[in-house]
Every structure is written in C-alpha cells, then in structure tokens.
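Structure first, commentary second.
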Amino acid sequence: MHSFRKVSLKNRLGDAMDVLVHPLKVSAGHIYLLLTLPKNTHASMFAKNAEYIAHQLRQSCEPLAQGFSLIEMRNEKEKSEVWYDWKFNWVAGTPVDSQCSVLSLQKKSYLSDLLKESLVA
C-alpha cells in the first residue's frame, strides 16, 4: 500500500484541484515526486494542468534540490497500475511545456524499491 498525502493546488483556471503525492529523495540534489489522482478525478485533468501542477509542487519541495522529477501513478482498466514519467522544459523556474511517457521497467523497479524502503523506515 502506497502512502500518499493529499495536496490542494490550483489548476490553470484557478480552481482547486487535489493530488496525492509521495516524495522520494534520491540524493541531496534530486527529488522524485510520485503523484496520483484521487479516484474521482480523471487522468486528463492532470494532463491539461501538468505544467501548473509541476510548478506548484516544485515550489513546495526542498529548495536546495536541483533536480525534480514527477512520476504519475495511474490505475488503468486494462493494465492495473501504469507509471508515467513527466518531463518538463523549465525556463527560470517555470515549466513551459511537458511530455509524458510510460516509465521504463528499470526505472520503475528502482523507484518501487525506494518506495518500499521509505514505507518501512
């Protein structure tokens, strides 16, 4: 069972939007942020607002971290849980566009192990 905390953010229209997050500190300079949506929120809501959400989440992370990676964990009907790796082009601390791809099996295994360790600790 994953342990996520609810975070209330604003979408691109200024409306409240909740996401569930779990930070994983990989090193002193990089944070992976695992994200999932509440069950009543459609995945397209995140995709439409990815840059706005990433900006708000990045601001709430440890200020000294140079790296910030956002991994979306999505439950899909056919495949159970699929993890998506979100990449952003940043300009002066603001994401201007994003791309999403299915997380590689190697990276998913690595992050799953980190997640298990963080839940045990």
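Naming works like this for the structure tokens: A, B, ... for the chains as they're shown, residue 1 at the start of each chain, ligands 1 onward in shown order.
For segment 53-60 of chain A, the set of protein, DNA and RNA residues having any atom at most 8 Å away, when counting only C-alpha atoms and skipping those fewer than 5 positions along the same chain, is Leu9, Lys10, Asn11, Phe46, Phe68, Leu70, Gly93, Thr94 and Pro95 of chain A.
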Q: Name the residues in contact with Ile31 of chain A at a cut-off of 12 Å, using only C-alpha atoms, excluding same-chain residues fewer than 5 positions from it; report them as number ranges by chain.
A: A: 22-26, 57-58, 60-71, 111, 114
Could you turn the residues from that selection into a file that holds N, CA and C atoms, as a compact mmCIF listing (two decimals), in the first residue's frame?
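Final output, saved to out17.txt:
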# COMPACT_ATOMS: atom_id res chain seq x y z
N HIS A 22 3.80 11.60 -2.92
CA HIS A 22 4.75 10.93 -2.04
C HIS A 22 6.15 11.28 -2.54
N PRO A 23 6.90 12.10 -1.78
CA PRO A 23 8.25 12.45 -2.23
C PRO A 23 9.25 11.33 -1.94
N LEU A 24 10.18 11.13 -2.86
CA LEU A 24 11.28 10.20 -2.67
C LEU A 24 12.57 10.97 -2.90
N LYS A 25 13.37 11.09 -1.89
CA LYS A 25 14.64 11.81 -2.02
C LYS A 25 15.68 10.82 -2.51
N VAL A 26 16.16 11.01 -3.73
CA VAL A 26 17.12 10.11 -4.32
C VAL A 26 18.54 10.50 -3.90
N LEU A 57 4.13 22.19 -7.25
CA LEU A 57 4.77 21.13 -6.48
C LEU A 57 6.26 21.39 -6.32
N ARG A 58 6.90 21.87 -7.38
CA ARG A 58 8.34 22.16 -7.32
C ARG A 58 8.62 23.24 -6.28
N SER A 60 7.02 23.72 -3.59
CA SER A 60 6.81 23.18 -2.24
C SER A 60 7.89 22.19 -1.83
N CYS A 61 8.76 21.79 -2.77
CA CYS A 61 9.82 20.83 -2.46
C CYS A 61 11.00 21.52 -1.79
N GLU A 62 11.91 20.70 -1.34
CA GLU A 62 13.13 21.18 -0.72
C GLU A 62 13.83 22.18 -1.65
N PRO A 63 14.06 23.40 -1.18
CA PRO A 63 14.60 24.44 -2.06
C PRO A 63 16.01 24.17 -2.58
N LEU A 64 16.79 23.35 -1.89
CA LEU A 64 18.15 23.10 -2.32
C LEU A 64 18.24 22.04 -3.41
N ALA A 65 17.18 21.31 -3.64
CA ALA A 65 17.21 20.25 -4.64
C ALA A 65 17.29 20.85 -6.04
N GLN A 66 18.31 20.46 -6.77
CA GLN A 66 18.49 20.94 -8.13
C GLN A 66 17.57 20.21 -9.10
N GLY A 67 17.38 18.92 -8.87
CA GLY A 67 16.59 18.10 -9.77
C GLY A 67 15.21 17.82 -9.23
N PHE A 68 14.25 17.75 -10.13
CA PHE A 68 12.86 17.50 -9.76
C PHE A 68 12.26 16.62 -10.84
N SER A 69 11.81 15.44 -10.46
CA SER A 69 11.18 14.52 -11.40
C SER A 69 9.78 14.20 -10.90
N LEU A 70 8.84 14.18 -11.82
CA LEU A 70 7.45 13.91 -11.48
C LEU A 70 7.02 12.61 -12.15
N ILE A 71 6.59 11.66 -11.33
CA ILE A 71 6.13 10.36 -11.81
C ILE A 71 4.66 10.21 -11.44
N LEU A 111 12.46 2.82 -8.54
CA LEU A 111 11.61 3.68 -7.73
C LEU A 111 10.69 2.87 -6.81
N LEU A 114 12.73 2.04 -3.84
CA LEU A 114 12.85 3.22 -2.97
C LEU A 114 11.56 3.46 -2.20
Q: Go through A:Ser27, A:Trp83, A:Ser104, A:Pro38 one by one, measure the shortest atom-to-atom distance of each to Ser8 of chain A using only C-alpha atoms, and give the residue with the smallest value.
A: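 Answer, going by the shortest atom-to-atom distance: A:Pro38.
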From a DSSP pass on the backbone, collect the residues of segment 29-121 of chain A flagged as helix (DSSP H, G or I) and hand them back as a CSV table (one decimal) with C-alpha atoms, in the first residue's frame.
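This went into out.csv:
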chain,number,residue,atom,x,y,z
A,43,ALA,CA,-6.4,11.5,-15.7
A,44,SER,CA,-7.0,14.1,-18.4
A,45,MET,CA,-7.4,16.7,-15.7
A,46,PHE,CA,-3.7,16.2,-14.7
A,47,ALA,CA,-2.5,16.2,-18.3
A,48,LYS,CA,-4.3,19.5,-19.1
A,50,ALA,CA,0.6,19.4,-15.8
A,51,GLU,CA,2.8,22.5,-16.0
A,52,TYR,CA,0.7,24.4,-13.5
A,53,ILE,CA,0.8,21.5,-11.0
A,54,ALA,CA,4.5,20.8,-11.6
A,55,HIS,CA,5.3,24.5,-10.9
A,56,GLN,CA,3.3,24.5,-7.6
A,57,LEU,CA,4.8,21.1,-6.5
A,58,ARG,CA,8.3,22.2,-7.3
A,59,GLN,CA,7.9,25.3,-5.2
A,60,SER,CA,6.8,23.2,-2.2
A,105,LEU,CA,10.7,-1.1,-16.3
A,106,GLN,CA,14.2,-0.5,-15.0
A,107,LYS,CA,13.4,2.9,-13.6
A,108,LYS,CA,10.0,1.7,-12.2
A,109,SER,CA,11.8,-1.2,-10.4
A,110,TYR,CA,14.3,1.3,-8.9
A,111,LEU,CA,11.6,3.7,-7.7
A,112,SER,CA,9.4,0.8,-6.4
A,113,ASP,CA,12.3,-0.3,-4.3
A,114,LEU,CA,12.8,3.2,-3.0
A,115,LEU,CA,9.1,3.5,-2.2
A,116,LYS,CA,9.2,0.2,-0.3
A,117,GLU,CA,12.2,1.4,1.7
A,118,SER,CA,10.5,4.7,2.5
A,119,LEU,CA,7.4,2.8,3.8
A,120,VAL,CA,9.5,0.5,6.0
**Q.** Atomic distance atom CA of Val82 of chain A - atom CA of Asn49 of chain A, expressed in Å with one decimal
**A.**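 Here the two named atoms are 19.2 Å from each other.
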(Q) With only C-alpha atoms as the counted atoms, please give the residues lying no more than 12 Å from Glu81 of chain A, apart from itself and same-chain residues fewer than 2 positions off, as a PyMOL selection string. (A) chain A and resi 36+72-79+83-84+102-103+108
Those residues you just picked out, can you put them in a file as a compact mmCIF listing (two decimals), in the first residue's frame with C-alpha atoms?
# COMPACT_ATOMS: atom_id res chain seq x y z
CA THR A 36 -1.58 10.00 -8.21
CA GLU A 72 2.39 9.85 -12.21
CA MET A 73 0.96 6.56 -10.97
CA ARG A 74 -2.26 5.87 -12.84
CA ASN A 75 -4.70 2.97 -12.49
CA GLU A 76 -5.88 1.91 -15.92
CA LYS A 77 -8.65 -0.58 -16.59
CA GLU A 78 -6.69 -2.95 -18.83
CA LYS A 79 -3.26 -2.75 -17.19
CA TRP A 83 3.62 4.76 -14.12
CA TYR A 84 4.22 7.79 -16.34
CA VAL A 102 5.47 5.26 -19.81
CA LEU A 103 8.22 4.80 -17.25
CA LYS A 108 10.04 1.68 -12.23
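Summary of the local environment: counting only C-alpha atoms, residues at most 10 Å from Thr41 of chain A, other than itself and those fewer than 6 positions away along its chain, are Met17, Asp18 and Val19 of chain A.
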Q) Restricting the calculation to only C-alpha atoms, which member of A:Ser98, A:Lys87, A:His30, A:Leu35 is positioned closest to Lys6 of chain A? A) A:Leu35
(Q) If I take atom CA of Asn89 of chain A and atom CA of Tyr32 of chain A, how far is one from the other in Å, to one decimal? (A) 16.3 Å
Q: Would you work out the distance separating atom CA of Ser3 of chain A from atom CA of Leu20 of chain A, expressed in Å to one decimal?
A: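 About the pair atom CA of Ser3 of chain A and atom CA of Leu20 of chain A: they are 9.1 Å apart.
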Q: DSSP on the backbone, then: every residue of chain A marked strand (DSSP E), written as a count of residues only.
A: 56
